[in-house]
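Trainee: Supplied structure: upload_27.csv, CSV, C-alpha atoms and all ligand atoms.
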chain,number,residue,atom,x,y,z
A,1172,MET,CA,65.4,-40.4,-6.6
A,1173,LYS,CA,63.8,-38.4,-9.4
A,1174,ILE,CA,60.3,-38.9,-10.7
A,1175,ARG,CA,59.2,-37.4,-14.1
A,1176,GLN,CA,57.0,-37.8,-17.1
A,1177,LEU,CA,58.6,-40.2,-19.6
A,1178,CYS,CA,59.0,-39.5,-23.3
A,1179,LYS,CA,60.1,-41.2,-26.6
A,1180,SER,CA,63.7,-41.1,-25.6
A,1181,ASP,CA,63.0,-43.4,-22.6
A,1182,ILE,CA,61.5,-46.2,-24.7
A,1183,ALA,CA,64.6,-48.4,-24.8
A,1184,SER,CA,65.0,-48.1,-21.0
A,1185,ILE,CA,61.3,-49.0,-20.5
A,1186,ILE,CA,61.7,-52.1,-22.7
A,1187,GLU,CA,64.8,-53.1,-20.8
A,1188,LEU,CA,63.1,-52.7,-17.4
A,1189,GLU,CA,60.1,-54.7,-18.5
A,1190,LYS,CA,62.3,-57.5,-20.0
A,1191,HIS,CA,64.5,-57.9,-17.0
A,1192,HIS,CA,62.1,-57.1,-14.1
A,1193,ALA,CA,58.7,-58.3,-15.3
A,1194,PRO,CA,59.7,-61.4,-17.4
A,1195,ASP,CA,56.6,-63.3,-16.5
A,1196,LYS,CA,54.2,-60.7,-17.6
A,1197,PRO,CA,51.8,-62.2,-20.1
A,1198,HIS,CA,51.8,-61.0,-23.7
A,1199,TYR,CA,48.5,-59.1,-23.4
A,1200,VAL,CA,50.0,-56.6,-20.8
A,1201,ARG,CA,53.5,-56.5,-22.3
A,1202,TYR,CA,54.9,-53.3,-23.8
A,1203,ASP,CA,56.8,-53.2,-27.1
A,1204,GLN,CA,58.1,-50.3,-29.2
A,1205,LYS,CA,54.8,-49.9,-31.1
A,1206,THR,CA,52.7,-49.7,-27.9
A,1207,LEU,CA,55.1,-47.3,-26.3
A,1208,LEU,CA,55.2,-45.1,-29.4
A,1209,PHE,CA,51.4,-45.0,-29.2
A,1210,ILE,CA,51.5,-43.7,-25.7
A,1211,PHE,CA,53.9,-40.9,-26.5
A,1212,ASP,CA,52.2,-40.0,-29.8
A,1213,ASN,CA,48.9,-39.5,-27.9
A,1214,PRO,CA,49.7,-37.3,-24.9
A,1215,ASP,CA,46.1,-36.2,-24.5
A,1216,ASP,CA,44.9,-39.7,-23.9
A,1217,CYS,CA,48.0,-41.5,-22.5
A,1218,GLY,CA,51.0,-40.9,-20.3
A,1219,ALA,CA,53.9,-42.6,-18.5
A,1220,ILE,CA,55.8,-41.8,-15.3
A,1221,GLY,CA,59.3,-43.0,-14.5
A,1222,LEU,CA,61.4,-43.1,-11.3
A,1223,PHE,CA,65.2,-42.7,-11.7
A,1224,ASP,CA,68.0,-43.6,-9.5
A,1225,LYS,CA,70.6,-41.2,-10.9
A,1226,GLU,CA,70.2,-41.8,-14.6
A,1227,ARG,CA,68.8,-45.3,-14.3
A,1228,LEU,CA,65.1,-46.0,-14.8
A,1229,VAL,CA,64.1,-48.2,-11.8
A,1230,GLY,CA,60.3,-48.0,-12.1
A,1231,TRP,CA,57.6,-46.9,-14.5
A,1232,GLY,CA,53.9,-46.7,-14.8
A,1233,ALA,CA,51.5,-45.9,-17.7
A,1234,TYR,CA,47.9,-44.8,-18.0
A,1235,ARG,CA,45.4,-44.3,-20.8
A,1236,THR,CA,41.8,-43.4,-21.5
A,1237,ASN,CA,39.3,-45.5,-23.3
A,1238,TRP,CA,38.7,-48.1,-20.7
A,1239,SER,CA,38.2,-51.6,-22.1
A,1240,LYS,CA,35.1,-53.0,-23.7
A,1241,TYR,CA,34.3,-54.8,-20.4
A,1242,ASN,CA,33.2,-51.5,-18.9
A,1243,ALA,CA,30.3,-49.5,-20.3
A,1244,GLU,CA,31.6,-46.1,-19.1
A,1245,CYS,CA,33.6,-43.8,-21.4
A,1246,GLY,CA,36.1,-41.1,-20.7
A,1247,VAL,CA,37.7,-42.7,-17.8
A,1248,TYR,CA,41.4,-43.6,-17.2
A,1249,GLU,CA,43.0,-47.0,-16.9
A,1250,ILE,CA,46.3,-47.5,-15.2
A,1251,SER,CA,47.8,-50.0,-17.6
A,1252,SER,CA,51.1,-50.9,-16.0
A,1253,ILE,CA,53.4,-50.4,-13.0
A,1254,VAL,CA,56.8,-52.2,-12.9
A,1255,VAL,CA,59.6,-51.7,-10.4
A,1256,ASP,CA,63.1,-53.1,-10.7
A,1257,THR,CA,63.3,-56.2,-8.5
A,1258,THR,CA,66.3,-54.9,-6.5
A,1259,TYR,CA,64.3,-51.8,-5.6
A,1260,ARG,CA,61.0,-53.5,-4.5
A,1261,ARG,CA,59.3,-53.1,-1.2
A,1262,GLN,CA,60.7,-49.6,-0.7
A,1263,GLY,CA,57.6,-47.7,-1.6
A,1264,LEU,CA,58.5,-47.0,-5.2
A,1265,GLY,CA,55.4,-48.7,-6.7
A,1266,GLU,CA,53.3,-46.6,-4.3
A,1267,ARG,CA,55.1,-43.4,-5.4
A,1268,ILE,CA,54.5,-44.1,-9.1
A,1269,LEU,CA,50.9,-44.9,-8.5
A,1270,ASN,CA,50.2,-41.8,-6.5
A,1271,ARG,CA,52.0,-39.6,-9.0
A,1272,ILE,CA,49.8,-41.0,-11.8
A,1273,ILE,CA,46.7,-40.3,-9.7
A,1274,ASP,CA,47.9,-36.8,-9.0
A,1275,ASP,CA,48.5,-36.2,-12.7
A,1276,LEU,CA,45.1,-37.6,-13.6
A,1277,LYS,CA,43.5,-35.3,-11.0
A,1278,LYS,CA,45.0,-32.3,-12.9
A,1279,LYS,CA,43.4,-33.7,-16.1
A,1280,LYS,CA,40.1,-33.5,-14.2
A,1281,PHE,CA,39.6,-37.3,-14.4
A,1282,THR,CA,36.3,-38.6,-13.0
A,1283,LYS,CA,37.3,-42.3,-12.7
A,1284,VAL,CA,40.4,-44.5,-12.6
A,1285,TYR,CA,40.2,-48.2,-13.3
A,1286,LEU,CA,42.7,-51.1,-13.7
A,1287,THR,CA,42.8,-54.8,-13.9
A,1288,VAL,CA,45.2,-57.3,-12.4
A,1289,SER,CA,45.7,-61.0,-12.5
A,1290,PRO,CA,44.2,-62.7,-9.4
A,1291,LEU,CA,47.6,-64.4,-8.9
A,1292,ASN,CA,49.4,-61.1,-8.6
A,1293,LEU,CA,48.8,-60.6,-4.8
A,1294,GLY,CA,51.6,-58.0,-4.4
A,1295,ALA,CA,50.0,-55.7,-7.0
A,1296,LEU,CA,46.5,-56.3,-5.6
A,1297,ILE,CA,47.6,-55.3,-2.1
A,1298,LEU,CA,49.4,-52.3,-3.5
A,1299,TYR,CA,46.3,-51.0,-5.2
A,1300,VAL,CA,43.9,-51.8,-2.4
A,1301,LYS,CA,46.2,-50.1,0.2
A,1302,ASN,CA,46.2,-47.0,-2.0
A,1303,GLY,CA,42.5,-46.5,-2.4
A,1304,PHE,CA,41.3,-48.9,-5.0
A,1305,ILE,CA,38.3,-51.3,-4.4
A,1306,ILE,CA,37.7,-54.6,-6.1
A,1307,TYR,CA,34.4,-54.6,-8.0
A,1308,ASP,CA,34.5,-57.5,-10.4
A,1309,TYR,CA,36.2,-60.7,-11.5
A,1310,LYS,CA,36.1,-62.1,-14.9
A,1311,ALA,CA,37.4,-65.4,-16.2
A,1312,ASN,CA,39.3,-65.8,-19.5
A,1313,VAL,CA,39.4,-62.1,-20.3
A,1314,TYR,CA,42.5,-62.4,-22.5
A,1315,GLY,CA,42.0,-66.1,-23.4
A,1316,GLU,CA,41.8,-69.4,-21.6
A,1317,GLY,CA,43.0,-69.0,-18.0
A,1318,ALA,CA,43.8,-65.3,-18.2
A,1319,ASP,CA,41.4,-64.2,-15.5
A,1320,ARG,CA,41.3,-60.6,-14.3
A,1321,VAL,CA,40.3,-58.8,-11.1
A,1322,PHE,CA,38.7,-55.4,-11.8
A,1323,LEU,CA,39.5,-52.4,-9.5
A,1324,LYS,CA,38.5,-48.8,-9.4
A,1325,LEU,CA,39.7,-45.8,-7.4
A,1326,ALA,CA,37.2,-45.2,-4.6
A,1327,GLY,CA,35.6,-41.8,-4.1
A,1401,LIG,C1,53.7,-54.8,-8.0
A,1401,LIG,C2,54.9,-53.9,-7.9
A,1401,LIG,C3,54.8,-52.8,-8.9
A,1401,LIG,C4,55.1,-53.3,-6.5
A,1401,LIG,O1,56.2,-52.5,-6.5
A,1401,LIG,P1,56.9,-52.1,-5.1
A,1401,LIG,O2,57.8,-50.9,-5.4
A,1401,LIG,O3,57.6,-53.3,-4.6
A,1401,LIG,O4,55.7,-51.7,-4.2
A,1401,LIG,P2,55.8,-50.8,-2.9
A,1401,LIG,O5,57.1,-51.0,-2.2
A,1401,LIG,O6,55.3,-49.4,-3.2
A,1401,LIG,O7,54.6,-51.6,-2.0
A,1401,LIG,C5,53.6,-50.9,-1.3
A,1401,LIG,C6,52.8,-51.9,-0.5
A,1401,LIG,O8,52.2,-52.8,-1.4
A,1401,LIG,C7,52.2,-54.1,-0.9
A,1401,LIG,N1,53.0,-55.0,-1.7
A,1401,LIG,C8,53.8,-54.7,-2.7
A,1401,LIG,N2,54.4,-55.8,-3.2
A,1401,LIG,C9,54.0,-56.8,-2.4
A,1401,LIG,C10,54.3,-58.2,-2.4
A,1401,LIG,N3,55.1,-58.8,-3.4
A,1401,LIG,N4,53.7,-59.0,-1.5
A,1401,LIG,C11,52.8,-58.5,-0.6
A,1401,LIG,N5,52.5,-57.1,-0.5
A,1401,LIG,C12,53.1,-56.3,-1.4
A,1401,LIG,C13,52.7,-54.0,0.5
A,1401,LIG,O9,51.7,-53.7,1.4
A,1401,LIG,C14,53.6,-52.8,0.4
A,1401,LIG,O10,53.9,-52.1,1.6
A,1401,LIG,P3,55.0,-52.7,2.6
A,1401,LIG,O11,56.2,-53.0,1.8
A,1401,LIG,O12,55.2,-51.5,3.6
A,1401,LIG,O13,54.4,-53.9,3.3
A,1401,LIG,C15,56.2,-54.8,-8.2
A,1401,LIG,O14,56.2,-55.9,-7.4
A,1401,LIG,C16,56.4,-55.2,-9.7
A,1401,LIG,O15,57.0,-54.5,-10.5
A,1401,LIG,N6,55.8,-56.4,-10.1
A,1401,LIG,C17,56.0,-56.9,-11.4
A,1401,LIG,C18,55.1,-56.2,-12.4
A,1401,LIG,C19,53.6,-56.2,-11.9
A,1401,LIG,O16,53.1,-57.3,-11.6
A,1401,LIG,N7,53.0,-55.0,-11.9
A,1401,LIG,C20,51.6,-54.9,-11.5
A,1401,LIG,C21,50.6,-55.2,-12.5
A,1401,LIG,S1,50.8,-54.3,-14.0
The structure in this file should be written as structure tokens.
Mentor:
Amino acid sequence: MKIRQLCKSDIASIIELEKHHAPDKPHYVRYDQKTLLFIFDNPDDCGAIGLFDKERLVGWGAYRTNWSKYNAECGVYEISSIVVDTTYRRQGLGERILNRIIDDLKKKKFTKVYLTVSPLNLGALILYVKNGFIIYDYKANVYGEGADRVFLKLAG
């Protein structure tokens, strides 16, 4: 399997992957054409990594700077999405994407990496905690009524 930085020509594949393999994702963490274009038009602040089985995109993850208004710190990175094709799950692909993002951010001399997850998303929570993230906060109704988030940061 090949892992590489994604670019504008991958947008249609990312949207397909999200549509078929993360259909329950709430709207506030969903990626559309406009959001994806923003990522690729701002390479200093954002990036996306994809895993390919032959030519097929089977997993992707994105990161960006400008952590949300809920954190007072600036100049840190947020991992904003990781999605793996359902037929490829529990084979370490999510972990591979996550660790590649962290490696890329280290090259950018990042100081901190944050992310948020729904408290109902136990699989993702375990993935992140197993790979060096610690839970430091919980906020209710972050994106509206019932949209609670667990806040995590990369330890160290
Ligand atoms: C979360 C997600 C990215 C994990 O991808 P994955 O490729 O299956 O993850 P990995 O195989 O690398 O898992 C690594 C470890 O994380 C934990 N883990 C991952 N998914 C899990 C699940 N559903 N239940 C429990 N533990 C899980 C396990 O400890 C796993 O190791 P193991 O399989 O040896 O037990 C995938 O389930 C997904 O795409 N979900 C939908 C989108 C989403 O919710 N993304 C995260 C928030 S943006």
Trainee: Residues up to 6 Å from ligand LIG 1401 (chain A), counting all atoms listed in the file: could you list those as a ChimeraX atom specification?
Mentor: /A:1193,1252-1255,1260-1266,1288,1294-1295,1297-1298
Trainee: Which residue gives the smallest distance to Gly1232 of chain A among A:Lys1173, A:Arg1271, A:Lys1279, A:His1198, with all atoms listed in the file counted?
Mentor: A:Arg1271
Trainee: Could you give me, as an MDAnalysis selection string, the residues within 12 Å of Gly1221 of chain A, counting all atoms listed in the file and dropping anything in the same chain fewer than 6 positions from it?
Mentor: chainID A and resid 1172:1178 1181:1182 1184:1185 1188 1227:1233 1252:1256 1264:1265 1267:1269 1271:1272
Trainee: Compile the contact shell of Arg1320 of chain A as a list in words: residues with an atom at most 7 Å away, counting all atoms listed in the file, same-chain residues fewer than 4 positions apart removed.
Mentor: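 The filter keeps Thr1287, Val1288, Ser1289, Pro1290, Tyr1309, Lys1310, Ala1311 and Val1313 of chain A.
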Trainee: Find the residues around Lys1190 of chain A up to 10 Å (all atoms listed in the file counted), leave out those fewer than 5 positions away in its own chain, and share them as a PyMOL selection string.
Mentor: chain A and resi 1184-1185+1195-1196+1201-1203
Trainee: Choose the residue, out of A:Tyr1259, A:Tyr1199, A:Tyr1248, A:Leu1323, that has the smallest atom-to-atom separation from Phe1223 of chain A; count all atoms listed in the file.
Mentor: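 Closest residue, counting all atoms listed in the file: A:Tyr1259.
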Trainee: Counting all atoms listed in the file, which of A:Lys1179, A:His1191, A:Lys1277, A:Lys1324 gets nearest to Ile1250 of chain A?
Mentor: A:Lys1324
Trainee: Could you tell me which of A:Pro1197, A:Glu1189, A:Leu1222, A:Leu1207 comes closest to Gly1315 of chain A if we count only C-alpha atoms?
Mentor: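 Under the stated criterion, the closest residue is A:Pro1197.
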Trainee: Choose the residue, out of A:Thr1236, A:Asn1213, A:Thr1206, A:Asn1302, that has the smallest atom-to-atom separation from Leu1276 of chain A; count all atoms listed in the file.
Mentor: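 Result for the nearest residue to Leu1276 of chain A: A:Thr1236.
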Trainee: For the atom pair atom CA of Phe1209 of chain A and atom CA of Glu1226 of chain A, what is the interatomic distance in Å to one decimal place?
Mentor: 24.0 Å
Trainee: Interatomic distance between atom CA of Thr1258 of chain A and atom CA of Lys1301 of chain A?
Mentor: 21.7 Å
Trainee: Would you compute the distance between atom CA of Ile1273 of chain A and atom CA of Ser1180 of chain A? Give it in Å to one decimal.
Mentor: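 Calculated distance between atom CA of Ile1273 of chain A and atom CA of Ser1180 of chain A is 23.3 Å.
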Trainee: Using only C-alpha atoms, determine which residues lie at most 10 Å from Gly1327 of chain A, disregarding the query and same-chain residues fewer than 5 positions distant; provide the list as a list in words.
Mentor: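 In the requested format, the answer is Thr1282, Lys1283, Gly1303, Phe1304 and Ile1305 of chain A.
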Trainee: Identify which of the residues A:Val1321, A:His1192, A:Asp1308, A:Lys1225 lies closest to Leu1296 of chain A, counting all atoms listed in the file when measuring atom-to-atom distances.
Mentor: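 Looking at the shortest contact to Leu1296 of chain A, the residue is A:Val1321.
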